[in-house]
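Source file: run.json. Holds: JSON, C-alpha atoms.
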```
[["chain", "number", "residue", "atom", "x", "y", "z"],
["J", 192, "MET", "CA", 56.68, 86.52, 6.10],
["J", 193, "ALA", "CA", 57.25, 89.96, 4.63],
["J", 194, "ALA", "CA", 56.25, 90.80, 1.08],
["J", 195, "VAL", "CA", 59.36, 90.81, -1.10],
["J", 196, "SER", "CA", 59.95, 93.91, -3.20],
["J", 197, "ASP", "CA", 59.98, 93.43, -6.97],
["J", 198, "CYS", "CA", 63.34, 95.15, -7.16],
["J", 199, "PHE", "CA", 66.15, 96.31, -4.91],
["J", 200, "THR", "CA", 68.47, 99.02, -6.21],
["J", 201, "VAL", "CA", 72.17, 98.20, -6.16],
["J", 202, "GLY", "CA", 73.78, 100.34, -3.46],
["J", 203, "SER", "CA", 70.66, 100.51, -1.28],
["J", 204, "THR", "CA", 70.77, 99.41, 2.35],
["J", 205, "VAL", "CA", 68.44, 96.51, 3.17],
["J", 206, "ALA", "CA", 67.75, 94.75, 6.47],
["J", 207, "CYS", "CA", 66.04, 91.40, 6.94],
["J", 208, "THR", "CA", 65.60, 88.54, 9.41],
["J", 209, "THR", "CA", 66.51, 85.07, 8.15],
["J", 210, "CYS", "CA", 64.58, 81.88, 8.91],
["J", 211, "PHE", "CA", 67.28, 81.21, 11.54],
["J", 212, "HIS", "CA", 66.27, 84.49, 13.28],
["J", 213, "LYS", "CA", 69.53, 86.19, 12.31],
["J", 214, "ASN", "CA", 69.30, 89.91, 11.53],
["J", 215, "ILE", "CA", 71.31, 90.98, 8.48],
["J", 216, "GLU", "CA", 71.73, 94.55, 7.26],
["J", 217, "GLY", "CA", 73.94, 95.56, 4.37],
["J", 218, "GLU", "CA", 74.46, 97.16, 0.98],
["J", 219, "VAL", "CA", 72.76, 95.51, -2.00],
["J", 220, "LEU", "CA", 75.32, 94.12, -4.45],
["J", 221, "ALA", "CA", 72.83, 92.21, -6.61],
["J", 222, "PHE", "CA", 69.24, 91.01, -6.67],
["J", 223, "ASP", "CA", 67.57, 88.38, -8.84],
["J", 224, "PRO", "CA", 63.78, 88.92, -8.79],
["J", 225, "GLU", "CA", 63.02, 85.50, -10.33],
["J", 226, "THR", "CA", 64.69, 83.51, -7.55],
["J", 227, "LYS", "CA", 64.34, 86.22, -4.84],
["J", 228, "MET", "CA", 68.07, 85.91, -4.15],
["J", 229, "LEU", "CA", 69.68, 89.02, -2.65],
["J", 230, "ILE", "CA", 73.43, 89.56, -2.20],
["J", 231, "LEU", "CA", 74.33, 91.89, 0.66],
["J", 232, "LYS", "CA", 77.71, 93.33, 1.65],
["J", 233, "CYS", "CA", 77.87, 93.86, 5.42],
["J", 234, "HIS", "CA", 80.52, 95.27, 7.75],
["J", 235, "SER", "CA", 82.72, 92.48, 9.09],
["J", 236, "LYS", "CA", 82.65, 91.85, 12.83],
["J", 237, "ASP", "CA", 86.29, 90.70, 12.67],
["J", 238, "SER", "CA", 87.91, 93.60, 10.80],
["J", 239, "SER", "CA", 87.06, 97.15, 9.81],
["J", 240, "LYS", "CA", 88.93, 96.64, 6.51],
["J", 241, "LEU", "CA", 86.93, 93.58, 5.46],
["J", 242, "SER", "CA", 83.31, 92.93, 4.54],
["J", 243, "ASP", "CA", 81.09, 89.88, 4.88],
["J", 244, "VAL", "CA", 78.98, 88.93, 1.88],
["J", 245, "TYR", "CA", 75.65, 87.14, 2.37],
["J", 246, "ILE", "CA", 73.49, 85.47, -0.26],
["J", 247, "VAL", "CA", 69.96, 85.55, 1.12],
["J", 248, "ASN", "CA", 66.84, 83.80, -0.16],
["J", 249, "LEU", "CA", 64.20, 86.45, 0.56],
["J", 250, "SER", "CA", 61.42, 83.87, 0.21],
["J", 251, "LEU", "CA", 62.62, 82.49, 3.56],
["J", 252, "CYS", "CA", 63.12, 85.87, 5.28],
["J", 253, "SER", "CA", 60.83, 88.04, 7.36],
["J", 254, "ASP", "CA", 60.77, 91.75, 8.14],
["J", 255, "VAL", "CA", 62.48, 92.83, 4.92],
["J", 256, "GLN", "CA", 63.05, 96.61, 5.02],
["J", 257, "VAL", "CA", 64.78, 99.09, 2.75],
["J", 258, "LYS", "CA", 66.68, 101.28, 5.22],
["J", 259, "LYS", "CA", 68.17, 103.63, 2.62],
["J", 260, "GLU", "CA", 67.54, 103.92, -1.12],
["J", 261, "SER", "CA", 70.48, 104.43, -3.44],
["J", 262, "ASN", "CA", 70.30, 107.66, -5.43],
["J", 263, "THR", "CA", 73.12, 106.81, -7.80],
["J", 264, "ILE", "CA", 72.35, 105.10, -11.07],
["J", 265, "SER", "CA", 74.79, 102.25, -11.44],
["J", 266, "GLU", "CA", 75.70, 100.35, -14.56],
["J", 267, "PRO", "CA", 73.65, 97.17, -14.95],
["J", 268, "LYS", "CA", 75.39, 94.21, -13.35],
["J", 269, "GLN", "CA", 75.82, 90.87, -15.07],
["J", 270, "SER", "CA", 73.08, 88.43, -14.16],
["J", 271, "LEU", "CA", 73.91, 85.34, -12.15],
["J", 272, "ASP", "CA", 74.78, 82.27, -14.20],
["J", 273, "LEU", "CA", 72.29, 79.96, -12.49],
["J", 274, "GLN", "CA", 73.20, 76.96, -14.65],
["J", 275, "ARG", "CA", 76.85, 77.29, -13.66],
["J", 276, "LEU", "CA", 75.93, 77.65, -9.98],
["J", 277, "SER", "CA", 73.65, 74.60, -10.19],
["J", 278, "ARG", "CA", 76.44, 72.61, -11.85],
["J", 279, "ARG", "CA", 78.86, 73.58, -9.07],
["J", 280, "VAL", "CA", 76.31, 72.54, -6.42],
["J", 281, "ARG", "CA", 75.75, 69.18, -8.16],
["J", 282, "ASN", "CA", 79.52, 68.57, -8.41],
["J", 283, "ALA", "CA", 80.02, 69.43, -4.74],
["J", 284, "ILE", "CA", 77.21, 67.05, -3.72],
["J", 285, "GLU", "CA", 78.69, 64.28, -5.90],
["J", 286, "GLN", "CA", 82.13, 64.80, -4.30],
["J", 287, "LYS", "CA", 80.58, 64.57, -0.82],
["J", 288, "LYS", "CA", 78.72, 61.37, -1.77],
["J", 289, "ILE", "CA", 81.98, 59.88, -3.08],
["J", 290, "LEU", "CA", 83.76, 60.83, 0.14],
["J", 291, "VAL", "CA", 80.98, 59.30, 2.27],
["J", 292, "SER", "CA", 81.17, 56.04, 0.31],
["J", 293, "ALA", "CA", 84.94, 56.03, 0.81],
["J", 294, "LEU", "CA", 84.53, 56.53, 4.54],
["J", 295, "GLN", "CA", 82.07, 53.64, 4.65],
["J", 296, "SER", "CA", 84.72, 51.50, 2.93],
["J", 297, "GLY", "CA", 87.14, 52.26, 5.78],
["J", 298, "VAL", "CA", 89.50, 54.63, 3.96],
["J", 299, "SER", "CA", 92.24, 56.01, 6.22],
["J", 300, "PRO", "CA", 92.72, 59.77, 6.77],
["J", 301, "ASP", "CA", 95.92, 59.56, 4.63],
["J", 302, "GLY", "CA", 93.89, 58.07, 1.79],
["J", 303, "GLN", "CA", 91.30, 60.82, 2.08],
["J", 304, "LYS", "CA", 94.00, 63.54, 2.03],
["J", 305, "LEU", "CA", 95.69, 61.97, -1.00],
["J", 306, "TYR", "CA", 92.37, 61.74, -2.84],
["J", 307, "MET", "CA", 91.71, 65.44, -2.18],
["J", 308, "ALA", "CA", 95.24, 66.39, -3.31],
["J", 309, "ILE", "CA", 94.84, 64.46, -6.58],
["J", 310, "SER", "CA", 91.34, 65.92, -7.12],
["J", 311, "LYS", "CA", 92.76, 69.45, -7.00],
["J", 312, "THR", "CA", 95.09, 68.61, -9.90],
["J", 313, "ILE", "CA", 92.94, 66.16, -11.87],
["J", 314, "SER", "CA", 89.39, 67.15, -10.97],
["J", 315, "ASN", "CA", 87.09, 64.91, -13.01],
["J", 316, "GLN", "CA", 89.27, 61.83, -13.42],
["J", 317, "VAL", "CA", 89.53, 60.59, -9.81],
["J", 318, "ASN", "CA", 87.19, 58.01, -8.25],
["J", 319, "TRP", "CA", 87.01, 55.57, -5.38],
["J", 320, "SER", "CA", 86.73, 51.84, -5.93],
["J", 321, "GLY", "CA", 86.22, 50.57, -2.41],
["J", 322, "PRO", "CA", 89.32, 51.74, -0.50],
["J", 323, "ASN", "CA", 91.32, 52.15, -3.76],
["J", 324, "ILE", "CA", 91.81, 55.46, -5.58],
["J", 325, "VAL", "CA", 91.38, 55.14, -9.36],
["J", 326, "VAL", "CA", 92.81, 57.88, -11.60],
["J", 327, "PHE", "CA", 92.09, 58.17, -15.35],
["J", 328, "ASN", "CA", 90.33, 54.75, -15.10],
["J", 329, "ASP", "CA", 93.84, 53.37, -15.63],
["J", 330, "VAL", "CA", 95.96, 54.03, -12.54],
["J", 331, "THR", "CA", 95.11, 52.50, -9.15],
["J", 332, "ILE", "CA", 96.44, 53.50, -5.73],
["J", 333, "THR", "CA", 95.85, 50.92, -3.01],
["J", 334, "PRO", "CA", 96.25, 51.28, 0.79],
["J", 335, "PRO", "CA", 98.46, 52.38, 2.49],
["J", 336, "TYR", "CA", 98.66, 54.90, -0.40],
["J", 337, "LYS", "CA", 102.45, 55.02, -0.76],
["J", 338, "LEU", "CA", 104.44, 55.43, -3.98],
["J", 339, "GLU", "CA", 104.91, 51.67, -4.32],
["J", 340, "ASN", "CA", 101.10, 51.24, -4.13],
["J", 341, "VAL", "CA", 100.58, 53.15, -7.42],
["J", 342, "THR", "CA", 99.98, 50.66, -10.22],
["J", 343, "GLY", "CA", 99.04, 50.86, -13.88],
["J", 344, "SER", "CA", 100.37, 50.17, -17.34],
["J", 345, "PRO", "CA", 104.20, 50.54, -17.09],
["J", 346, "GLU", "CA", 104.52, 52.48, -20.36],
["J", 347, "SER", "CA", 101.63, 54.80, -19.49],
["J", 348, "ARG", "CA", 102.44, 58.52, -19.22],
["J", 349, "GLN", "CA", 99.45, 58.78, -16.88],
["J", 350, "LEU", "CA", 101.12, 56.37, -14.43],
["J", 351, "ALA", "CA", 104.26, 58.52, -14.31],
["J", 352, "TYR", "CA", 102.17, 61.67, -13.85],
["J", 353, "VAL", "CA", 100.14, 60.20, -10.97],
["J", 354, "LYS", "CA", 103.35, 58.93, -9.32],
["J", 355, "LYS", "CA", 104.74, 62.48, -9.40],
["J", 356, "ILE", "CA", 101.60, 63.78, -7.68],
["J", 357, "VAL", "CA", 101.74, 61.03, -5.03],
["J", 358, "ASP", "CA", 105.47, 61.59, -4.47],
["J", 359, "LYS", "CA", 104.92, 65.34, -3.99],
["J", 360, "PHE", "CA", 102.02, 64.65, -1.61],
["J", 361, "ILE", "CA", 104.14, 62.27, 0.51],
["J", 362, "LYS", "CA", 107.02, 64.79, 0.67],
["J", 363, "ASP", "CA", 104.63, 67.62, 1.61],
["J", 364, "GLN", "CA", 103.08, 65.48, 4.36],
["J", 365, "ALA", "CA", 106.55, 64.59, 5.68],
["J", 366, "ALA", "CA", 107.49, 68.29, 5.72],
["J", 367, "VAL", "CA", 104.32, 69.14, 7.63],
["J", 368, "GLY", "CA", 105.04, 66.32, 10.10],
["J", 369, "THR", "CA", 108.62, 67.52, 10.60],
["J", 370, "ALA", "CA", 107.49, 71.10, 11.17],
["J", 371, "ALA", "CA", 104.85, 69.94, 13.67],
["J", 372, "SER", "CA", 107.39, 67.89, 15.65],
["J", 373, "THR", "CA", 109.95, 70.76, 15.90],
["J", 374, "PRO", "CA", 109.89, 72.30, 19.40],
["J", 375, "ALA", "CA", 108.35, 75.75, 19.40],
["J", 376, "SER", "CA", 111.26, 77.22, 21.36],
["J", 377, "SER", "CA", 113.74, 76.42, 18.59],
["J", 378, "VAL", "CA", 111.73, 78.12, 15.85],
["J", 379, "ALA", "CA", 111.83, 81.89, 15.41],
["J", 380, "SER", "CA", 108.23, 82.95, 15.03],
["J", 381, "THR", "CA", 107.40, 85.75, 12.62],
["J", 382, "THR", "CA", 103.90, 86.11, 11.30],
["J", 383, "THR", "CA", 102.74, 88.48, 8.60],
["J", 384, "VAL", "CA", 99.04, 89.11, 8.38],
["J", 385, "SER", "CA", 97.63, 90.78, 5.31],
["J", 386, "THR", "CA", 94.09, 91.94, 4.95],
["J", 387, "VAL", "CA", 92.21, 92.43, 1.74],
["J", 388, "SER", "CA", 89.77, 95.24, 1.52],
["J", 389, "ALA", "CA", 86.40, 94.27, 0.08],
["J", 390, "ASN", "CA", 85.50, 97.87, -0.71]]
```

Let me see the file written as structure tokens.
Amino acid sequence: MAAVSDCFTVGSTVACTTCFHKNIEGEVLAFDPETKMLILKCHSKDSSKLSDVYIVNLSLCSDVQVKKESNTISEPKQSLDLQRLSRRVRNAIEQKKILVSALQSGVSPDGQKLYMAISKTISNQVNWSGPNIVVFNDVTITPPYKLENVTGSPESRQLAYVKKIVDKFIKDQAAVGTAASTPASSVASTTTVSTVSAN
């Protein structure tokens, strides 16, 4: 395990070997000495116009070398909001746990897709109750997750809102199914690829 430098200058070129024996070399975008987290921008293997960004825990790396020091003095970068990152990690883990419990309850792929679609619109108000999706603790969607399976208080505005989301989801899924079943020979294929430069 190589000794980790107290500081890496933004713009310097650093190379290291991860604990998975992967060699990474790139330009330093940020470094947090307290957590030994280093953010490197590396040339993309897929495109000359794009860059790959790696977040590396130097405590778990070996052979850390500064290949080229940066001579330019850059403006100080904003520090990482570690509390916000931790909160995002906790939320992601909670969502995965919820999804695992739903899978154990035998939820169909359609139910999983609907849950994810609702979560994108109403992030913190969607839960599983066995195979049922519960929204706002007031609206319940039971298998097979169709519009007629959405129940709640009839005068509730939340019920009408959730029904709109479910209706849109069903129409989008039908459109995807129709597009997938159309023979390729009858569809004129034009693809536009745009690349975003990370420079």

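Shortest separation to Glu218 (chain J) among J:Asn318, J:Ser238, J:Ser261, J:Gln295 occurs at residue J:Ser261, atoms counted being only C-alpha atoms.
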
What box, with edges along x, y and z, holds each listed atom of region 322-325 of chain J when 5 Å is added on every side, and can you state its centre and edge lengths in Å to one decimal, as lines of an AutoDock Vina configuration file?
```
center_x = 90.6
center_y = 53.6
center_z = -4.9
size_x = 12.5
size_y = 13.7
size_z = 18.9
```

> Hey, can you check how far CA of Gly217 (chain J) sits from CA of Lys259 (chain J)?
Replying inline: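 It comes out at 10.1 Å.
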
> If you count only C-alpha atoms, which residues fall within 9 Å of region 321-326 of chain J, apart from same-chain ones fewer than 4 positions away, as a ChimeraX atom specification?
Replying inline: /J:292-299,302,305-306,309,313,316-317,330-334,336,349-350,353

> Quick one: distance from CA of Lys227 (chain J) to CA of Cys198 (chain J) in Å, one decimal?
Replying inline: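 About the pair CA of Lys227 (chain J) and CA of Cys198 (chain J): they are 9.3 Å apart.
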
Do you know which residues lie at most 10 Å from (63.6, 83.0, -0.1), with coordinates as in the file and all atoms listed in the file counted, and could you write them as an mmCIF file with C-alpha atoms, in the coordinates of the input?
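Contents of out00.cif, freshly written:
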```cif
data_model
loop_
_atom_site.group_PDB
_atom_site.id
_atom_site.type_symbol
_atom_site.label_atom_id
_atom_site.label_comp_id
_atom_site.auth_asym_id
_atom_site.auth_seq_id
_atom_site.Cartn_x
_atom_site.Cartn_y
_atom_site.Cartn_z
ATOM 1 C CA MET J 192 56.680 86.520 6.100
ATOM 2 C CA VAL J 195 59.360 90.810 -1.100
ATOM 3 C CA THR J 209 66.510 85.070 8.150
ATOM 4 C CA CYS J 210 64.580 81.880 8.910
ATOM 5 C CA THR J 226 64.690 83.510 -7.550
ATOM 6 C CA LYS J 227 64.340 86.220 -4.840
ATOM 7 C CA MET J 228 68.070 85.910 -4.150
ATOM 8 C CA LEU J 229 69.680 89.020 -2.650
ATOM 9 C CA VAL J 247 69.960 85.550 1.120
ATOM 10 C CA ASN J 248 66.840 83.800 -0.160
ATOM 11 C CA LEU J 249 64.200 86.450 0.560
ATOM 12 C CA SER J 250 61.420 83.870 0.210
ATOM 13 C CA LEU J 251 62.620 82.490 3.560
ATOM 14 C CA CYS J 252 63.120 85.870 5.280
ATOM 15 C CA SER J 253 60.830 88.040 7.360
#
```

> Mind pulling up the distance from CA of Ser314 (chain J) to CA of Gly343 (chain J)?
Replying inline: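 Those two atoms sit 19.2 Å apart.
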
> Of the candidates J:Lys304, J:Lys258, J:Arg275, J:Lys232, which one gets nearest to Phe360 (chain J) if we count all atoms listed in the file?
Replying inline: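 Smallest distance to Phe360 (chain J) is found for J:Lys304.
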
>> Using all atoms listed in the file, can you tell me which of J:Val255, J:Ile289, J:Asp223, J:Leu231 comes closest to Leu273 (chain J)?
In response: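 So, comparing all the options, the nearest one is J:Asp223.
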
> With all atoms listed in the file as the atoms that count, which of J:Ile361, J:Val367, J:Val257, J:Val219 lies nearest to Asp301 (chain J)?
Replying inline: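 For Asp301 (chain J), the nearest of the candidates is J:Ile361.
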
>> Counting all atoms listed in the file, find residues at most 10 Å from (80.5, 93.7, 1.0) (file frame) and give them as a list in words.
In response: Gly217, Glu218, Val219, Leu220, Ile230, Leu231, Lys232, Cys233, His234, Ser235, Leu241, Ser242, Asp243, Val244, Tyr245, Ser388, Ala389 and Asn390 of chain J
